[in-house]
>>> print(open('final-v9.txt').read())   # compact mmCIF, C-alpha atoms
# COMPACT_ATOMS: atom_id res chain seq x y z
CA MET X 23 125.69 88.77 80.42
CA LYS X 24 125.51 91.58 82.93
CA ALA X 25 122.63 92.28 85.29
CA SER X 26 122.18 95.66 83.51
CA LEU X 27 121.21 93.94 80.24
CA ALA X 28 119.45 96.50 78.08
CA PRO X 29 115.89 95.73 76.99
CA LEU X 30 115.80 93.63 73.84
CA SER X 31 113.98 94.78 70.73
CA PRO X 32 111.02 92.77 69.38
CA SER X 33 113.22 91.40 66.59
CA GLU X 34 115.95 90.39 69.03
CA ARG X 35 113.39 88.61 71.18
CA LYS X 36 111.98 86.82 68.15
CA VAL X 37 115.40 85.61 67.04
CA LEU X 38 116.38 84.56 70.55
CA ASP X 39 113.14 82.60 70.86
CA VAL X 40 113.79 80.77 67.56
CA ILE X 41 117.30 79.84 68.70
CA TRP X 42 115.94 78.74 72.11
CA ARG X 43 113.46 76.38 70.48
CA HIS X 44 115.42 75.16 67.47
CA GLY X 45 119.08 75.49 68.39
CA PRO X 46 121.69 74.55 67.55
CA ILE X 47 120.65 76.29 64.35
CA ALA X 48 122.60 77.93 61.54
CA ARG X 49 121.90 81.57 60.77
CA ILE X 50 120.50 80.64 57.38
CA GLY X 51 117.81 78.60 59.11
CA ILE X 52 116.73 81.40 61.45
CA GLY X 53 115.39 83.83 58.85
CA PRO X 54 112.38 81.80 57.65
CA LEU X 55 111.36 80.91 61.19
CA ALA X 56 111.64 84.52 62.41
CA ASP X 57 110.34 86.05 59.17
CA LEU X 58 113.49 88.16 58.84
CA SER X 59 116.03 88.71 56.08
CA THR X 60 119.47 87.09 56.18
CA MET X 61 121.04 90.52 56.66
CA SER X 62 118.77 91.26 59.64
CA VAL X 63 119.49 87.88 61.19
CA THR X 64 123.24 88.45 60.86
CA ARG X 65 122.98 91.84 62.57
CA ILE X 66 120.65 90.67 65.32
CA THR X 67 122.63 87.54 66.19
CA ARG X 68 125.76 89.65 66.40
CA GLU X 69 124.03 91.99 68.85
CA LEU X 70 122.69 89.08 70.90
CA SER X 71 126.19 87.60 71.03
CA GLU X 72 127.51 90.95 72.25
CA HIS X 73 124.87 90.81 75.01
CA GLY X 74 126.37 87.44 75.96
CA LEU X 75 123.15 85.57 75.19
CA LEU X 76 124.40 83.33 72.36
CA GLU X 77 127.27 81.00 71.74
CA GLU X 78 128.59 79.66 68.45
CA GLY X 79 129.59 76.11 67.68
CA VAL X 80 131.35 74.53 64.74
CA GLN X 81 129.81 71.86 62.57
CA ARG X 82 131.61 70.43 59.55
CA THR X 83 129.35 69.02 56.87
CA GLY X 84 132.08 67.80 54.53
CA ALA X 85 135.76 67.91 53.73
CA ARG X 86 135.56 71.12 51.73
CA GLY X 87 134.29 74.60 52.33
CA GLN X 88 133.75 76.65 55.45
CA PRO X 89 132.16 74.87 58.41
CA THR X 90 128.73 76.03 59.54
CA ARG X 91 128.57 77.75 62.91
CA PRO X 92 125.26 76.85 64.54
CA LEU X 93 123.99 79.06 67.32
CA THR X 94 122.58 78.11 70.70
CA VAL X 95 121.55 80.16 73.69
CA ARG X 96 124.30 80.53 76.24
CA ALA X 97 122.88 78.57 79.14
CA ASP X 98 124.81 80.42 81.84
CA ALA X 99 123.88 83.88 80.54
CA ALA X 100 120.84 84.17 82.80
CA PHE X 101 119.03 82.32 85.55
CA SER X 102 115.66 82.53 87.23
CA ALA X 103 113.62 80.81 89.92
CA GLY X 104 110.03 79.63 90.14
CA LEU X 105 107.57 79.22 93.01
CA TYR X 106 104.62 76.83 92.75
CA PHE X 107 102.68 75.89 95.88
CA THR X 108 99.82 73.95 97.39
CA ASN X 109 98.08 74.52 100.70
CA ARG X 110 100.74 72.45 102.52
CA GLN X 111 103.99 72.84 100.62
CA VAL X 112 106.01 75.02 98.26
CA GLN X 113 107.98 73.83 95.26
CA VAL X 114 110.95 75.94 94.22
CA GLY X 115 113.12 75.46 91.15
CA LEU X 116 116.04 77.28 89.54
CA ILE X 117 116.64 77.13 85.78
CA ASP X 118 119.25 78.51 83.42
CA LEU X 119 118.63 80.22 80.10
CA SER X 120 118.41 76.87 78.32
CA GLY X 121 115.51 75.91 80.59
CA ARG X 122 117.49 73.22 82.41
CA LEU X 123 116.29 72.62 85.96
CA LEU X 124 119.41 73.15 88.09
CA ALA X 125 117.90 72.90 91.56
CA TYR X 126 114.53 71.74 92.84
CA GLU X 127 113.16 71.45 96.35
CA THR X 128 109.80 70.78 97.93
CA ARG X 129 109.39 72.23 101.40
CA PRO X 130 106.51 72.00 103.90
CA CYS X 131 104.74 75.32 104.29
CA ASP X 132 101.25 76.40 105.30
CA ALA X 133 100.38 78.80 102.49
CA ASP X 134 98.52 81.28 104.70
CA SER X 135 99.83 84.45 103.06
CA PRO X 136 101.94 85.67 100.11
CA GLY X 137 104.73 86.67 102.47
CA GLU X 138 104.89 83.23 104.04
CA VAL X 139 105.31 81.33 100.78
CA ALA X 140 107.76 83.95 99.50
CA ARG X 141 109.94 83.61 102.59
CA ALA X 142 110.03 79.84 102.20
CA ALA X 143 111.01 80.22 98.55
CA VAL X 144 113.69 82.82 99.27
CA ASP X 145 115.28 80.48 101.82
CA VAL X 146 115.56 77.76 99.15
CA ILE X 147 116.86 80.18 96.51
CA GLU X 148 119.47 81.72 98.80
CA ALA X 149 120.71 78.28 99.82
CA ALA X 150 121.03 77.29 96.14
CA LEU X 151 122.95 80.46 95.33
CA ALA X 152 125.24 79.87 98.31
CA ARG X 153 126.01 76.41 96.88
CA GLY X 154 127.05 78.04 93.61
CA VAL X 155 124.09 76.79 91.56
CA ALA X 156 123.84 80.22 89.90
CA PRO X 157 125.58 83.61 90.23
CA ARG X 158 123.43 86.20 91.99
CA ASP X 159 124.18 88.93 89.44
CA ARG X 160 122.65 86.84 86.63
CA MET X 161 119.36 86.14 88.39
CA LEU X 162 116.65 87.82 86.33
CA GLY X 163 113.83 87.22 88.76
CA VAL X 164 111.41 84.86 90.47
CA GLY X 165 108.21 83.71 88.83
CA VAL X 166 105.25 82.93 91.07
CA ALA X 167 102.38 80.65 89.99
CA LEU X 168 99.22 81.86 91.71
CA PRO X 169 96.17 79.65 92.45
CA GLY X 170 93.41 81.82 91.07
CA ASP X 171 92.25 84.21 88.37
CA PHE X 172 93.27 87.84 88.04
CA ILE X 173 90.97 90.67 89.06
CA THR X 174 93.12 93.77 88.65
CA ASP X 175 96.26 94.29 86.57
CA ARG X 176 97.84 90.95 87.55
CA ARG X 177 98.04 92.22 91.13
CA GLN X 178 94.84 90.93 92.67
CA ILE X 179 93.41 87.47 92.18
CA ASN X 180 90.16 85.69 92.87
CA ALA X 181 92.05 83.10 94.88
CA HIS X 182 90.95 79.50 95.29
CA GLU X 183 88.99 79.07 98.52
CA TRP X 184 91.85 77.12 100.10
CA PHE X 185 94.00 80.27 99.93
CA PRO X 186 91.96 83.02 101.65
CA GLY X 187 95.13 84.94 102.54
CA PHE X 188 95.68 85.64 98.84
CA ARG X 189 92.36 87.36 98.21
CA GLY X 190 92.06 91.06 97.48
CA GLN X 191 95.72 91.86 97.97
CA ASP X 192 98.41 93.59 95.94
CA LEU X 193 100.20 90.31 95.56
CA SER X 194 103.13 91.62 93.54
CA ALA X 195 103.90 94.19 96.24
CA GLU X 196 103.57 91.68 99.08
CA LEU X 197 105.79 89.15 97.36
CA GLN X 198 108.32 91.79 96.33
CA ALA X 199 108.58 93.06 99.90
CA VAL X 200 110.05 89.69 100.91
CA CYS X 201 111.98 88.74 97.76
CA PRO X 202 115.30 90.43 96.79
CA PHE X 203 114.79 89.58 93.10
CA PRO X 204 112.21 90.99 90.65
CA ILE X 205 108.86 89.22 90.90
CA VAL X 206 106.78 88.08 87.92
CA VAL X 207 103.32 86.65 88.64
CA GLU X 208 101.12 84.39 86.50
CA ASN X 209 98.23 82.13 87.36
CA ASP X 210 99.25 78.51 87.84
CA ALA X 211 97.61 77.24 84.64
CA ALA X 212 99.41 79.84 82.51
CA CYS X 213 102.70 78.92 84.21
CA ALA X 214 102.24 75.26 83.39
CA ALA X 215 101.39 76.11 79.78
CA LEU X 216 104.50 78.28 79.61
CA GLY X 217 106.66 75.52 81.05
CA GLU X 218 105.50 73.17 78.29
CA ARG X 219 106.03 75.87 75.68
CA LEU X 220 109.64 76.54 76.63
CA VAL X 221 111.05 73.19 77.71
CA GLY X 222 108.36 70.57 77.17
CA ILE X 223 106.29 69.12 74.37
CA GLY X 224 105.03 72.60 73.49
CA GLN X 225 108.37 73.32 71.82
CA THR X 226 107.13 71.26 68.87
CA LEU X 227 103.62 72.76 68.74
CA SER X 228 102.46 76.06 67.31
CA SER X 229 99.16 76.30 69.21
CA TYR X 230 97.80 74.26 72.08
CA PHE X 231 95.51 74.39 75.07
CA PHE X 232 96.95 73.32 78.42
CA CYS X 233 94.35 71.85 80.78
CA HIS X 234 95.59 72.34 84.34
CA ILE X 235 94.25 70.08 87.08
CA GLY X 236 95.19 71.73 90.35
CA HIS X 237 93.16 72.64 93.40
CA GLY X 238 90.66 73.91 90.84
CA ILE X 239 90.50 73.28 87.10
CA GLY X 240 91.94 75.85 84.70
CA GLY X 241 93.71 76.31 81.43
CA GLY X 242 96.48 78.12 79.61
CA LEU X 243 96.46 79.00 75.93
CA VAL X 244 99.43 79.18 73.57
CA LEU X 245 98.69 80.61 70.11
CA ASN X 246 101.29 80.78 67.36
CA GLY X 247 104.01 80.01 69.88
CA LEU X 248 103.06 82.78 72.32
CA LEU X 249 101.33 82.54 75.68
CA TYR X 250 97.98 84.25 75.15
CA ARG X 251 96.84 85.94 78.34
CA GLY X 252 93.66 87.65 77.20
CA SER X 253 92.60 91.15 78.25
CA ASN X 254 92.90 90.45 81.97
CA GLY X 255 95.37 87.56 82.09
CA ASN X 256 92.62 84.95 82.40
CA ALA X 257 92.46 83.31 78.97
CA GLY X 258 91.76 79.58 79.22
CA MET X 259 89.24 79.55 82.10
CA ILE X 260 87.83 76.14 81.27
CA GLY X 261 86.73 75.79 84.89
CA VAL X 262 83.63 77.90 84.24
CA GLN X 263 82.18 74.86 82.42
CA PHE X 264 82.12 72.97 85.73
CA PRO X 265 79.97 74.68 88.42
CA ASN X 266 81.53 74.82 91.87
CA ASP X 267 78.41 73.43 93.56
CA ARG X 268 78.58 70.17 91.59
CA PRO X 269 81.15 67.40 91.16
CA ARG X 270 83.97 68.66 88.95
CA PRO X 271 87.37 67.43 87.69
CA SER X 272 89.42 69.38 90.24
CA GLY X 273 91.87 68.50 92.98
CA GLN X 274 89.59 69.85 95.68
CA ASP X 275 86.77 67.67 94.41
CA LEU X 276 89.10 64.66 94.33
CA PHE X 277 90.16 65.14 97.94
CA ALA X 278 86.55 65.59 99.06
CA THR X 279 85.55 62.43 97.18
CA LEU X 280 88.34 60.37 98.72
CA SER X 281 87.76 61.71 102.23
CA ALA X 282 84.03 60.91 102.02
CA GLN X 283 85.02 57.29 101.27
CA GLY X 284 87.49 57.10 104.15
CA VAL X 285 90.65 57.57 102.08
CA PRO X 286 92.92 60.12 103.84
CA ALA X 287 94.14 62.66 101.28
CA SER X 288 94.27 66.43 101.58
CA ASP X 289 97.15 67.38 99.28
CA PHE X 290 98.64 66.09 96.04
CA ALA X 291 101.60 64.47 97.78
CA ASP X 292 99.09 62.13 99.45
CA LEU X 293 98.22 60.70 96.02
CA GLU X 294 101.69 59.44 95.14
CA ASP X 295 101.13 55.96 96.56
CA LEU X 296 97.48 55.62 95.55
CA HIS X 297 96.63 53.55 92.47
CA PRO X 298 93.18 53.25 90.90
CA GLN X 299 93.35 49.45 90.67
CA ASP X 300 93.72 49.30 94.47
CA CYS X 301 91.45 52.22 95.39
CA PRO X 302 87.86 52.06 94.04
CA PRO X 303 86.97 55.67 95.05
CA LEU X 304 90.00 56.94 93.15
CA ARG X 305 89.14 54.81 90.13
CA ALA X 306 85.54 56.07 90.14
CA TRP X 307 86.72 59.69 90.35
CA ILE X 308 89.12 59.24 87.42
CA VAL X 309 86.38 57.75 85.24
CA ARG X 310 83.93 60.52 86.07
CA ALA X 311 86.47 63.37 85.88
CA ALA X 312 87.82 62.15 82.55
CA GLN X 313 84.31 62.07 81.10
CA GLN X 314 83.71 65.64 82.26
CA LEU X 315 87.02 66.75 80.78
CA ARG X 316 86.21 65.05 77.47
CA GLN X 317 83.08 67.13 77.15
CA GLY X 318 84.70 70.40 78.21
CA LEU X 319 87.83 69.93 76.12
CA TRP X 320 85.77 68.88 73.09
CA VAL X 321 83.96 72.23 73.12
CA THR X 322 87.17 74.13 73.86
CA ALA X 323 89.04 72.39 71.05
CA ARG X 324 86.37 73.19 68.49
CA ILE X 325 86.28 76.86 69.51
CA ILE X 326 90.07 77.36 69.50
CA ASP X 327 91.13 74.76 66.88
CA PRO X 328 94.56 74.08 68.42
CA ASP X 329 97.19 71.64 67.20
CA ALA X 330 96.93 69.77 70.48
CA ILE X 331 95.57 69.62 73.99
CA VAL X 332 98.04 69.05 76.80
CA ILE X 333 96.68 67.81 80.13
CA GLY X 334 98.77 68.33 83.23
CA GLY X 335 98.91 70.10 86.56
CA ARG X 336 99.48 68.73 90.03
CA LEU X 337 98.33 65.12 89.68
CA PRO X 338 101.11 62.53 90.01
CA ARG X 339 102.23 61.27 86.63
CA HIS X 340 100.64 57.82 86.95
CA LEU X 341 97.20 59.32 87.68
CA LEU X 342 97.58 61.90 84.94
CA GLN X 343 98.22 59.12 82.43
CA GLU X 344 95.03 57.37 83.57
CA VAL X 345 92.99 60.53 82.97
CA VAL X 346 94.53 61.21 79.55
CA ALA X 347 93.95 57.64 78.39
CA ARG X 348 90.23 58.05 79.09
CA VAL X 349 89.98 61.45 77.42
CA ASP X 350 91.84 60.55 74.23
CA ASP X 351 90.36 57.89 72.02
CA ALA X 352 89.03 57.69 68.47
CA SER X 353 85.68 59.15 69.48
CA PHE X 354 87.10 62.35 71.01
CA CYS X 355 86.26 65.35 68.79
CA ASN X 356 84.68 63.01 66.29
CA GLU X 357 81.42 64.53 65.08
CA GLY X 358 81.25 62.24 62.07
CA ALA X 359 82.18 65.12 59.77
CA LEU X 360 85.79 64.02 59.14
CA LEU X 361 87.13 67.18 60.81
CA PRO X 362 90.75 67.03 62.01
CA ARG X 363 90.94 66.22 65.70
CA PRO X 364 93.59 67.69 67.98
CA ARG X 365 96.21 65.42 69.44
CA VAL X 366 95.98 64.91 73.20
CA PHE X 367 99.10 64.60 75.34
CA ALA X 368 99.93 64.22 78.99
CA SER X 369 102.28 66.97 80.09
CA SER X 370 105.85 65.92 79.32
CA LEU X 371 106.97 67.72 82.49
CA GLY X 372 104.38 66.12 84.75
CA PRO X 373 103.92 67.82 88.12
CA THR X 374 107.07 69.92 87.58
CA ALA X 375 105.49 71.87 84.67
CA GLY X 376 104.19 74.52 87.05
CA VAL X 377 107.46 75.21 88.83
CA VAL X 378 109.46 75.12 85.57
CA GLY X 379 106.91 77.44 83.95
CA ALA X 380 107.00 79.80 86.92
CA ALA X 381 110.79 79.86 86.72
CA ALA X 382 110.60 80.50 82.97
CA ALA X 383 108.22 83.44 83.40
CA PRO X 384 110.97 86.03 84.14
CA LEU X 385 113.03 84.79 81.18
CA TYR X 386 109.97 84.83 78.94
CA GLU X 387 108.94 88.34 80.00
CA ARG X 388 112.44 89.82 79.97
CA LEU X 389 113.98 88.09 76.93
CA LEU X 390 111.52 86.15 74.78
CA ILE X 391 108.00 87.54 74.63
CA PRO X 392 107.71 90.19 71.89
CA GLY X 393 107.90 93.64 73.44
>>> encode(input="final-v9.txt", output="structure tokens")
Amino acid sequence: MKASLAPLSPSERKVLDVIWRHGPIARIGIGPLADLSTMSVTRITRELSEHGLLEEGVQRTGARGQPTRPLTVRADAAFSAGLYFTNRQVQVGLIDLSGRLLAYETRPCDADSPGEVARAAVDVIEAALARGVAPRDRMLGVGVALPGDFITDRRQINAHEWFPGFRGQDLSAELQAVCPFPIVVENDAACAALGERLVGIGQTLSSYFFCHIGHGIGGGLVLNGLLYRGSNGNAGMIGVQFPNDRPRPSGQDLFATLSAQGVPASDFADLEDLHPQDCPPLRAWIVRAAQQLRQGLWVTARIIDPDAIVIGGRLPRHLLQEVVARVDDASFCNEGALLPRPRVFASSLGPTAGVVGAAAAPLYERLLIPG
């Protein structure tokens, strides 16, 4: 694929998305999933192959007849990078078109401004490109997961209070001024939801709500396989159910709770070696936060009626599992009316969902999301 790849049509994007999620897949299997005729699928897959986005395999099903030729995305056709950060460090990842994480690095960085985190990310990306991880001319862009909710046209955010340097700015312009690749911005919860959708458990789900535990508490919504942003890019704001002036199931609240009990923790990396069985304040927070989430997710699930709820974000995997185990039991979404209850999962990508989702954002916007 060349860097000058022409924009794909909505039908091409739909077919490419089906092959991304279900490949290797024979052409005859694509039509029903993409709601297209066999003739259309044949034409579109030929065009996508000419773009260099697909590759064809050979699969023999018996001794006689022509072999089937299942299609997959060509992994090395395109690459992108993702930036996901806390107040003390940046996480940068590079993925190929198959969604495989090719390079990943966490680097200390005081996230005082958009330019500062972008410079740290560019250093990591340039080093990876110099090592031959990906060819520069096939880099589609850099996705940035932002800690806040959008105010204006996905350019300004109501940033979390720990990131005052990100408030009221044209973030896309500030990030683009530092980065040599096209910038795509999303809020961090939407990025995590997108990461699950493209390379995690969301591949097997049609609709789900992603509950993102970060510095704050947010959500991302996938409906009928597509990331639903809402009118202003803020769909999924479950955090409004938990007032900021009260205890809430957020990272900031967790750090404040631990610090008040003499447990030194100010960023998520500080939680890696903490275990609830050895740390009573942590155990108490998990019990209380999980109960709050149960209530909030119960209401959210009944309003949206998703296939599943996925809980993830920045918590280390072992703490995330503790939270999920307390949210999901037979009484969750059980009103005694025999209504179907959504399945509840811990993010299959764990704390990397955000960086993978951020990296997937340029691929999603350029190649997959219907235009």
>>> closest_residue(input="final-v9.txt", among="X:Gly154, X:Gln299, X:Ala278, X:Val377", to="Glu208 (chain X)", atoms="all atoms listed in the file")
X:Val377
>>> closest_residue(input="final-v9.txt", among="X:Thr67, X:Thr128, X:Gln314, X:Ser228", to="Gln263 (chain X)", atoms="all atoms listed in the file")
X:Gln314
>>> closest_residue(input="final-v9.txt", among="X:Arg336, X:Arg91, X:Arg365, X:Arg122", to="His234 (chain X)", atoms="only C-alpha atoms")
X:Arg336
>>> closest_atom_pairs(input="final-v9.txt", of="region 33-137 of chain X", to="region 178-183 of chain X", cutoff="12 Å", atoms="all atoms listed in the file", output="Markdown table")
| residue | atom | partner | partner_atom | distance |
| --- | --- | --- | --- | --- |
| X:Thr108 | CA | X:His182 | CA | 10.7 |
| X:Asn109 | CA | X:His182 | CA | 10.2 |
| X:Ala133 | CA | X:His182 | CA | 11.9 |
| X:Asp134 | CA | X:Glu183 | CA | 11.6 |
| X:Ser135 | CA | X:Ala181 | CA | 11.4 |
| X:Pro136 | CA | X:Ala181 | CA | 11.5 |
>>> residues_near_point(input="final-v9.txt", point="(85.7, 53.2, 94.9)", cutoff="12 Å", atoms="all atoms listed in the file", output="ChimeraX atom specification")
/X:276,279-285,297-310
>>> closest_residue(input="final-v9.txt", among="X:Val37, X:Phe185, X:His44, X:Gln274", to="Thr64 (chain X)", atoms="only C-alpha atoms")
X:Val37
>>> residues_around(input="final-v9.txt", residues="Pro384 (chain X)", least_positions_apart="4", cutoff="7 Å", atoms="only C-alpha atoms", output="ChimeraX atom specification")
/X:102,162-165,206,388
>>> closest_residue(input="final-v9.txt", among="X:Arg141, X:Arg268, X:Arg363, X:Arg158", to="Asp98 (chain X)", atoms="all atoms listed in the file")
X:Arg158
>>> residues_around(input="final-v9.txt", residues="Ala330 (chain X)", least_positions_apart="3", cutoff="10 Å", atoms="all atoms listed in the file", output="list in words")
Gly224, Leu227, Ser228, Ser229, Tyr230, Phe231, Phe232, Ala323, Asp327, Ile333, Arg363, Pro364, Arg365, Val366 and Phe367 of chain X
>>> residues_around(input="final-v9.txt", residues="region 339-343 of chain X", least_positions_apart="4", cutoff="7 Å", atoms="all atoms listed in the file", output="list in words")
Gly334, Ala347, Ala368, Gly372 and Pro373 of chain X
>>> residues_around(input="final-v9.txt", residues="Gly222 (chain X)", least_positions_apart="6", cutoff="9 Å", atoms="all atoms listed in the file", output="PDB file with C-alpha atoms, in the coordinates of the input")
ATOM      1  CA  LEU X 216     104.500  78.280  79.610  1.00  0.00           C
ATOM      2  CA  SER X 369     102.280  66.970  80.090  1.00  0.00           C
ATOM      3  CA  SER X 370     105.850  65.920  79.320  1.00  0.00           C
ATOM      4  CA  LEU X 371     106.970  67.720  82.490  1.00  0.00           C
ATOM      5  CA  ALA X 375     105.490  71.870  84.670  1.00  0.00           C
TER       6      ALA X 375
END
>>> atom_distance(input="final-v9.txt", atom1="CA of Val346 (chain X)", atom2="CA of Phe107 (chain X)")
23.4 Å
>>> atom_distance(input="final-v9.txt", atom1="CA of Pro202 (chain X)", atom2="CA of Phe101 (chain X)")
14.4 Å
>>> atom_distance(input="final-v9.txt", atom1="CA of Ala287 (chain X)", atom2="CA of Ala103 (chain X)")
28.9 Å
>>> decode(input="final-v9.txt", residues="region 281-354 of chain X", atoms="C-alpha atoms", output="short mmCIF file (atom, residue, chain, number, x, y, z; two decimals), in the first residue's frame")
data_model
loop_
_atom_site.label_atom_id
_atom_site.label_comp_id
_atom_site.auth_asym_id
_atom_site.auth_seq_id
_atom_site.Cartn_x
_atom_site.Cartn_y
_atom_site.Cartn_z
CA SER X 281 -2.68 8.31 50.70
CA ALA X 282 -5.05 9.18 53.55
CA GLN X 283 -4.28 5.74 55.03
CA GLY X 284 -0.52 6.14 54.66
CA VAL X 285 -0.13 4.02 51.51
CA PRO X 286 2.12 5.87 49.03
CA ALA X 287 0.50 5.80 45.59
CA SER X 288 0.07 8.63 43.12
CA ASP X 289 0.01 6.85 39.76
CA PHE X 290 -1.20 3.52 38.42
CA ALA X 291 2.30 2.06 38.24
CA ASP X 292 2.40 2.33 42.05
CA LEU X 293 -0.43 -0.22 42.25
CA GLU X 294 1.37 -3.07 40.51
CA ASP X 295 2.75 -4.57 43.72
CA LEU X 296 -0.26 -3.84 45.92
CA HIS X 297 -2.70 -6.67 46.67
CA PRO X 298 -6.02 -6.30 48.50
CA GLN X 299 -5.34 -9.24 50.82
CA ASP X 300 -2.25 -7.43 52.12
CA CYS X 301 -3.58 -3.85 52.00
CA PRO X 302 -6.84 -3.21 53.92
CA PRO X 303 -7.36 0.33 52.49
CA LEU X 304 -7.08 -1.06 48.96
CA ARG X 305 -9.47 -3.89 49.78
CA ALA X 306 -12.00 -1.47 51.27
CA TRP X 307 -11.80 0.77 48.20
CA ILE X 308 -12.37 -2.17 45.83
CA VAL X 309 -15.44 -3.30 47.76
CA ARG X 310 -16.93 0.19 47.82
CA ALA X 311 -16.00 1.09 44.22
CA ALA X 312 -17.38 -2.19 42.89
CA GLN X 313 -20.69 -1.57 44.66
CA GLN X 314 -20.90 1.90 43.12
CA LEU X 315 -20.11 0.50 39.69
CA ARG X 316 -22.77 -2.20 40.08
CA GLN X 317 -25.40 0.44 40.60
CA GLY X 318 -24.22 2.70 37.79
CA LEU X 319 -23.68 -0.09 35.29
CA TRP X 320 -27.05 -1.65 36.17
CA VAL X 321 -28.84 1.55 35.13
CA THR X 322 -26.61 1.98 32.08
CA ALA X 323 -27.16 -1.60 30.95
CA ARG X 324 -30.94 -1.31 31.17
CA ILE X 325 -30.95 1.95 29.18
CA ILE X 326 -28.64 0.71 26.41
CA ASP X 327 -29.41 -3.05 26.45
CA PRO X 328 -25.94 -4.14 25.27
CA ASP X 329 -24.69 -7.68 24.73
CA ALA X 330 -22.05 -7.12 27.38
CA ILE X 331 -20.28 -4.73 29.69
CA VAL X 332 -16.49 -4.64 29.54
CA ILE X 333 -14.64 -3.14 32.50
CA GLY X 334 -11.10 -1.94 31.99
CA GLY X 335 -8.87 1.10 31.99
CA ARG X 336 -5.65 1.78 33.85
CA LEU X 337 -5.95 -0.54 36.84
CA PRO X 338 -3.42 -3.40 36.90
CA ARG X 339 -4.98 -6.64 35.72
CA HIS X 340 -5.09 -8.29 39.16
CA LEU X 341 -7.03 -5.36 40.66
CA LEU X 342 -9.33 -5.15 37.66
CA GLN X 343 -10.25 -8.81 38.15
CA GLU X 344 -11.10 -8.11 41.79
CA VAL X 345 -13.46 -5.31 40.78
CA VAL X 346 -15.16 -7.33 38.04
CA ALA X 347 -15.70 -10.31 40.34
CA ARG X 348 -17.63 -8.06 42.74
CA VAL X 349 -19.70 -6.42 40.01
CA ASP X 350 -20.71 -9.59 38.20
CA ASP X 351 -22.78 -12.12 40.08
CA ALA X 352 -26.23 -13.64 39.72
CA SER X 353 -27.91 -10.63 41.30
CA PHE X 354 -26.49 -8.07 38.84
#
